[in-house]
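J.: Dropping the structure in here first, questions after.
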Amino acid sequence: MAAANIGMMDGAYFVGRNEILTWINTTLQLNIAKVEEACPGAVQCQMMDMVHPGVVPMHKVNFDAKSEYEMIQNYKVLQDVFNKLKIPKHIEVNRLVKGRPLDNLEFLQWLKHYCDSINGGITNENYNPVERRSKGGKERGSKGSNKATKTLQSNSVGRVSTDHEYYGPKMTKVDNSEKEQQILELSEKLGDMELTLNNMEKERDFYFSKLRDIEILCQRHELEHLPITKAIQKILYAADATESPLPEAQGIIDTSPDLFPDESA
């Protein structure tokens with residue numbers, strides 16, 4: 001399935017975290033604030049249930065999974081679904097259940113790309129995500145739901161009295177919530193910077209591997225003495241970043257009369 005086979009430099013992996021969260025919350029009527037909150041695997045199972053009705057055994061999906069063992073069971077269900085649909089996608093379960101943001105973001109980016117490829121990304125209007133969660137497995141209680149969607153700002157109320165004791169009455173609830181909001185905004189910026197850095201490293205590795213392949217080809221015994229090979233190596237091994245090695249490489253080719261056939265012949 002072509003939609004499942006996408007390289008790491010595909011545009012799918014440049015979809016932002018906010019877009020992924022909006023897609024999940026809108027489609028499944030959830031309210032998760034961070035991509036790592038999807039690490040239990042239930043969200044991924046329900047997305048597959050939406051695009052492939054009847055394939056996912058929703059009664060086996062645990063939406064209240066908290067331990068790694070419970071999360072692993074959800075990913076087993078998901079991997080079985082991939083196998084049934086012959087989707088050649090291996091799930092890095094051990095990395096996802098750790099709740100690391102980048103690992104979960106990359107998997108959700110892939111999942112969005114896949115879901116968008118089914119029926120042109122048009123969702124089933126008759127699909128009721130809340131009802132499917134209720135019928136498929138345990139209903140998510142209000143206690144669990146509130147815990148899952150808790151943010152730094154919502155926690156500020158519980159900490160005001162403690163701050164009051166140590167810093168006096170001038171520390172107000174409003175002041176505390178403003179600081180929490182600043183922390184949240186900085187955390188989001190840090191997450192975006194980490195994602196940008198991660199994508200840049202992937203792009204660097206992608207092009208480095210191509211240059212390495214060219215270098216290996218130029219080192220073949222039957223090619224290494226050819227003028228064109230020497231010209232390519234001149235560019236590959238240039239140490240001065242301020243001056244282009246292209247003119248010197250072109251000079252090697254221009255002074256090699258046997259490189260091109262005689263057009264007048």
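Naming works like this for the structure tokens: A, B, ... for the chains as they're shown, residue 1 at the start of each chain, ligands 1 onward in shown order.
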Neighbouring residues of Asp103 in chain A were defined as those with any atom within 9 Å, considering only C-alpha atoms; residues of the same chain fewer than 6 positions away were excluded. Please report them as a ChimeraX atom specification.
T.: /A:36,92,95-96
J.: I'd like the neighbourhood of range 65-73 of chain A as a tab-separated table (two decimals) with all heavy atoms, in the first residue's frame, where a residue qualifies if any of its atoms comes within 7 Å (using only C-alpha atoms), though same-chain residues fewer than 2 positions away should be ignored.
T.:
```
chain	number	residue	atom	x	y	z
A	40	PRO	N	-0.80	5.72	24.91
A	40	PRO	CA	-1.42	4.41	25.22
A	40	PRO	C	-1.88	3.62	23.99
A	40	PRO	O	-2.13	2.43	24.09
A	40	PRO	CB	-2.61	4.80	26.11
A	40	PRO	CG	-2.21	6.08	26.76
A	40	PRO	CD	-1.45	6.80	25.68
A	41	GLY	N	-2.02	4.28	22.83
A	41	GLY	CA	-2.35	3.56	21.60
A	41	GLY	C	-3.83	3.48	21.27
A	41	GLY	O	-4.20	3.05	20.18
A	62	ASN	N	-8.31	-0.61	25.25
A	62	ASN	CA	-8.44	-0.07	26.59
A	62	ASN	C	-8.14	1.43	26.57
A	62	ASN	O	-6.99	1.85	26.46
A	62	ASN	CB	-7.47	-0.79	27.54
A	62	ASN	CG	-7.61	-0.35	28.98
A	62	ASN	OD1	-8.40	0.56	29.29
A	62	ASN	ND2	-6.88	-0.97	29.87
A	63	PHE	N	-9.19	2.24	26.70
A	63	PHE	CA	-9.03	3.69	26.66
A	63	PHE	C	-8.56	4.25	28.00
A	63	PHE	O	-8.28	5.44	28.10
A	63	PHE	CB	-10.34	4.37	26.25
A	63	PHE	CG	-10.64	4.24	24.78
A	63	PHE	CD1	-11.38	3.18	24.30
A	63	PHE	CD2	-10.15	5.17	23.88
A	63	PHE	CE1	-11.64	3.05	22.95
A	63	PHE	CE2	-10.41	5.05	22.52
A	63	PHE	CZ	-11.15	3.98	22.05
A	75	TYR	N	-1.39	-1.73	21.44
A	75	TYR	CA	-0.56	-1.73	20.23
A	75	TYR	C	-0.57	-3.11	19.56
A	75	TYR	O	-0.37	-3.20	18.34
A	75	TYR	CB	0.87	-1.29	20.56
A	75	TYR	CG	0.98	0.20	20.75
A	75	TYR	CD1	1.23	0.74	22.00
A	75	TYR	CD2	0.82	1.06	19.67
A	75	TYR	CE1	1.33	2.12	22.18
A	75	TYR	CE2	0.91	2.43	19.83
A	75	TYR	CZ	1.15	2.96	21.09
A	75	TYR	OH	1.24	4.32	21.26
A	76	LYS	N	-0.78	-4.16	20.34
A	76	LYS	CA	-0.93	-5.49	19.73
A	76	LYS	C	-2.18	-5.53	18.87
A	76	LYS	O	-2.19	-6.11	17.78
A	76	LYS	CB	-0.98	-6.56	20.82
A	76	LYS	CG	0.36	-6.88	21.46
A	76	LYS	CD	0.24	-8.01	22.45
A	76	LYS	CE	1.60	-8.38	23.05
A	76	LYS	NZ	1.49	-9.47	24.05
A	77	VAL	N	-3.25	-4.92	19.38
A	77	VAL	CA	-4.49	-4.83	18.59
A	77	VAL	C	-4.23	-4.05	17.31
A	77	VAL	O	-4.64	-4.45	16.22
A	77	VAL	CB	-5.61	-4.15	19.41
A	77	VAL	CG1	-6.83	-3.88	18.54
A	77	VAL	CG2	-5.99	-4.99	20.62
A	93	VAL	N	6.76	-0.13	19.50
A	93	VAL	CA	5.97	-0.09	20.73
A	93	VAL	C	6.80	0.37	21.92
A	93	VAL	O	6.36	1.21	22.71
A	93	VAL	CB	5.34	-1.47	21.00
A	93	VAL	CG1	4.55	-1.43	22.31
A	93	VAL	CG2	4.44	-1.88	19.85
A	97	VAL	N	5.42	3.75	24.07
A	97	VAL	CA	4.82	3.67	25.41
A	97	VAL	C	5.61	4.48	26.45
A	97	VAL	O	5.10	4.73	27.54
A	97	VAL	CB	4.71	2.20	25.89
A	97	VAL	CG1	3.77	1.42	24.98
A	97	VAL	CG2	6.08	1.53	25.97
```
J.: Please compute the CA of Arg133 in chain A-CA of Met58 in chain A distance, one decimal, in Å.
T.: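 Atom-to-atom, CA of Arg133 in chain A and CA of Met58 in chain A are spaced 7.4 Å apart.
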J.: Show me, as an mmCIF file with N, CA, C and O atoms, in the first residue's frame, the residues that have an atom within 12 Å of Gly16 in chain A when counting only C-alpha atoms, minus same-chain residues fewer than 2 positions from it.
T.:
```cif
data_model
loop_
_atom_site.group_PDB
_atom_site.id
_atom_site.type_symbol
_atom_site.label_atom_id
_atom_site.label_comp_id
_atom_site.auth_asym_id
_atom_site.auth_seq_id
_atom_site.Cartn_x
_atom_site.Cartn_y
_atom_site.Cartn_z
ATOM 1 N N GLY A 11 6.716 14.951 3.057
ATOM 2 C CA GLY A 11 6.059 16.098 3.672
ATOM 3 C C GLY A 11 5.185 15.727 4.854
ATOM 4 O O GLY A 11 4.884 16.576 5.702
ATOM 5 N N ALA A 12 4.764 14.455 4.933
ATOM 6 C CA ALA A 12 3.928 14.017 6.049
ATOM 7 C C ALA A 12 4.611 14.247 7.383
ATOM 8 O O ALA A 12 3.966 14.521 8.396
ATOM 9 N N TYR A 13 5.944 14.131 7.403
ATOM 10 C CA TYR A 13 6.682 14.262 8.656
ATOM 11 C C TYR A 13 7.038 15.709 8.991
ATOM 12 O O TYR A 13 7.782 15.957 9.937
ATOM 13 N N PHE A 14 6.480 16.654 8.237
ATOM 14 C CA PHE A 14 6.689 18.061 8.548
ATOM 15 C C PHE A 14 5.381 18.711 9.011
ATOM 16 O O PHE A 14 5.306 19.924 9.151
ATOM 17 N N ASN A 18 0.572 21.098 16.507
ATOM 18 C CA ASN A 18 -0.756 21.679 16.718
ATOM 19 C C ASN A 18 -1.769 21.146 15.701
ATOM 20 O O ASN A 18 -2.937 20.912 16.037
ATOM 21 N N GLU A 19 -1.312 20.978 14.460
ATOM 22 C CA GLU A 19 -2.220 20.431 13.435
ATOM 23 C C GLU A 19 -2.609 18.999 13.755
ATOM 24 O O GLU A 19 -3.762 18.586 13.562
ATOM 25 N N ILE A 20 -1.654 18.225 14.265
ATOM 26 C CA ILE A 20 -1.943 16.835 14.649
ATOM 27 C C ILE A 20 -2.955 16.792 15.779
ATOM 28 O O ILE A 20 -3.915 16.009 15.755
ATOM 29 N N LEU A 21 -2.756 17.648 16.798
ATOM 30 C CA LEU A 21 -3.675 17.673 17.943
ATOM 31 C C LEU A 21 -5.073 18.100 17.515
ATOM 32 O O LEU A 21 -6.075 17.527 17.967
ATOM 33 N N THR A 22 -5.150 19.096 16.647
ATOM 34 C CA THR A 22 -6.456 19.549 16.160
ATOM 35 C C THR A 22 -7.160 18.433 15.395
ATOM 36 O O THR A 22 -8.374 18.227 15.540
ATOM 37 N N TRP A 23 -6.405 17.721 14.587
ATOM 38 C CA TRP A 23 -6.962 16.597 13.811
ATOM 39 C C TRP A 23 -7.524 15.529 14.743
ATOM 40 O O TRP A 23 -8.655 15.048 14.549
ATOM 41 N N LYS A 34 -1.323 17.304 24.465
ATOM 42 C CA LYS A 34 0.037 16.992 24.031
ATOM 43 C C LYS A 34 0.017 15.692 23.231
ATOM 44 O O LYS A 34 -0.774 14.790 23.520
ATOM 45 N N VAL A 35 0.909 15.582 22.267
ATOM 46 C CA VAL A 35 0.932 14.379 21.434
ATOM 47 C C VAL A 35 1.291 13.149 22.251
ATOM 48 O O VAL A 35 0.831 12.037 21.954
ATOM 49 N N LEU A 102 8.645 13.226 20.492
ATOM 50 C CA LEU A 102 9.022 13.113 19.089
ATOM 51 C C LEU A 102 8.640 11.758 18.498
ATOM 52 O O LEU A 102 8.179 11.675 17.359
ATOM 53 N N LEU A 105 4.942 11.849 18.019
ATOM 54 C CA LEU A 105 4.586 12.775 16.947
ATOM 55 C C LEU A 105 4.835 12.149 15.580
ATOM 56 O O LEU A 105 3.995 12.232 14.683
ATOM 57 N N GLU A 106 5.984 11.503 15.410
ATOM 58 C CA GLU A 106 6.305 10.886 14.122
ATOM 59 C C GLU A 106 5.279 9.817 13.756
ATOM 60 O O GLU A 106 4.856 9.726 12.602
ATOM 61 N N LEU A 108 2.140 9.625 14.795
ATOM 62 C CA LEU A 108 0.865 10.276 14.501
ATOM 63 C C LEU A 108 0.910 10.997 13.158
ATOM 64 O O LEU A 108 -0.101 11.068 12.458
ATOM 65 N N GLN A 109 2.076 11.528 12.789
ATOM 66 C CA GLN A 109 2.220 12.138 11.457
ATOM 67 C C GLN A 109 2.014 11.089 10.376
ATOM 68 O O GLN A 109 1.339 11.341 9.368
ATOM 69 N N LYS A 112 -1.748 10.163 10.290
ATOM 70 C CA LYS A 112 -2.577 11.169 9.608
ATOM 71 C C LYS A 112 -2.422 11.064 8.093
ATOM 72 O O LYS A 112 -3.404 11.149 7.346
ATOM 73 N N GLU A 188 5.807 24.973 24.548
ATOM 74 C CA GLU A 188 5.370 24.733 23.171
ATOM 75 C C GLU A 188 6.454 25.177 22.182
ATOM 76 O O GLU A 188 6.724 24.496 21.190
ATOM 77 N N LYS A 189 7.079 26.331 22.463
ATOM 78 C CA LYS A 189 8.148 26.806 21.578
ATOM 79 C C LYS A 189 9.330 25.843 21.589
ATOM 80 O O LYS A 189 9.934 25.558 20.554
ATOM 81 N N GLY A 191 9.180 22.659 22.196
ATOM 82 C CA GLY A 191 8.785 21.475 21.436
ATOM 83 C C GLY A 191 8.900 21.692 19.940
ATOM 84 O O GLY A 191 9.350 20.805 19.210
ATOM 85 N N ASP A 192 8.509 22.891 19.474
ATOM 86 C CA ASP A 192 8.625 23.211 18.044
ATOM 87 C C ASP A 192 10.090 23.250 17.609
ATOM 88 O O ASP A 192 10.445 22.800 16.513
ATOM 89 N N MET A 193 10.950 23.807 18.478
ATOM 90 C CA MET A 193 12.381 23.869 18.157
ATOM 91 C C MET A 193 12.987 22.468 18.088
ATOM 92 O O MET A 193 13.813 22.173 17.222
ATOM 93 N N GLU A 194 12.567 21.589 19.004
ATOM 94 C CA GLU A 194 13.066 20.214 18.988
ATOM 95 C C GLU A 194 12.625 19.497 17.714
ATOM 96 O O GLU A 194 13.400 18.734 17.115
ATOM 97 N N LEU A 195 11.388 19.746 17.297
ATOM 98 C CA LEU A 195 10.881 19.126 16.073
ATOM 99 C C LEU A 195 11.649 19.638 14.859
ATOM 100 O O LEU A 195 12.024 18.855 13.977
ATOM 101 N N THR A 196 11.903 20.959 14.811
ATOM 102 C CA THR A 196 12.659 21.535 13.699
ATOM 103 C C THR A 196 14.065 20.947 13.643
ATOM 104 O O THR A 196 14.566 20.584 12.572
ATOM 105 N N ASN A 199 13.996 17.377 12.345
ATOM 106 C CA ASN A 199 13.801 17.311 10.891
ATOM 107 C C ASN A 199 15.066 17.735 10.144
ATOM 108 O O ASN A 199 15.398 17.166 9.096
#
```
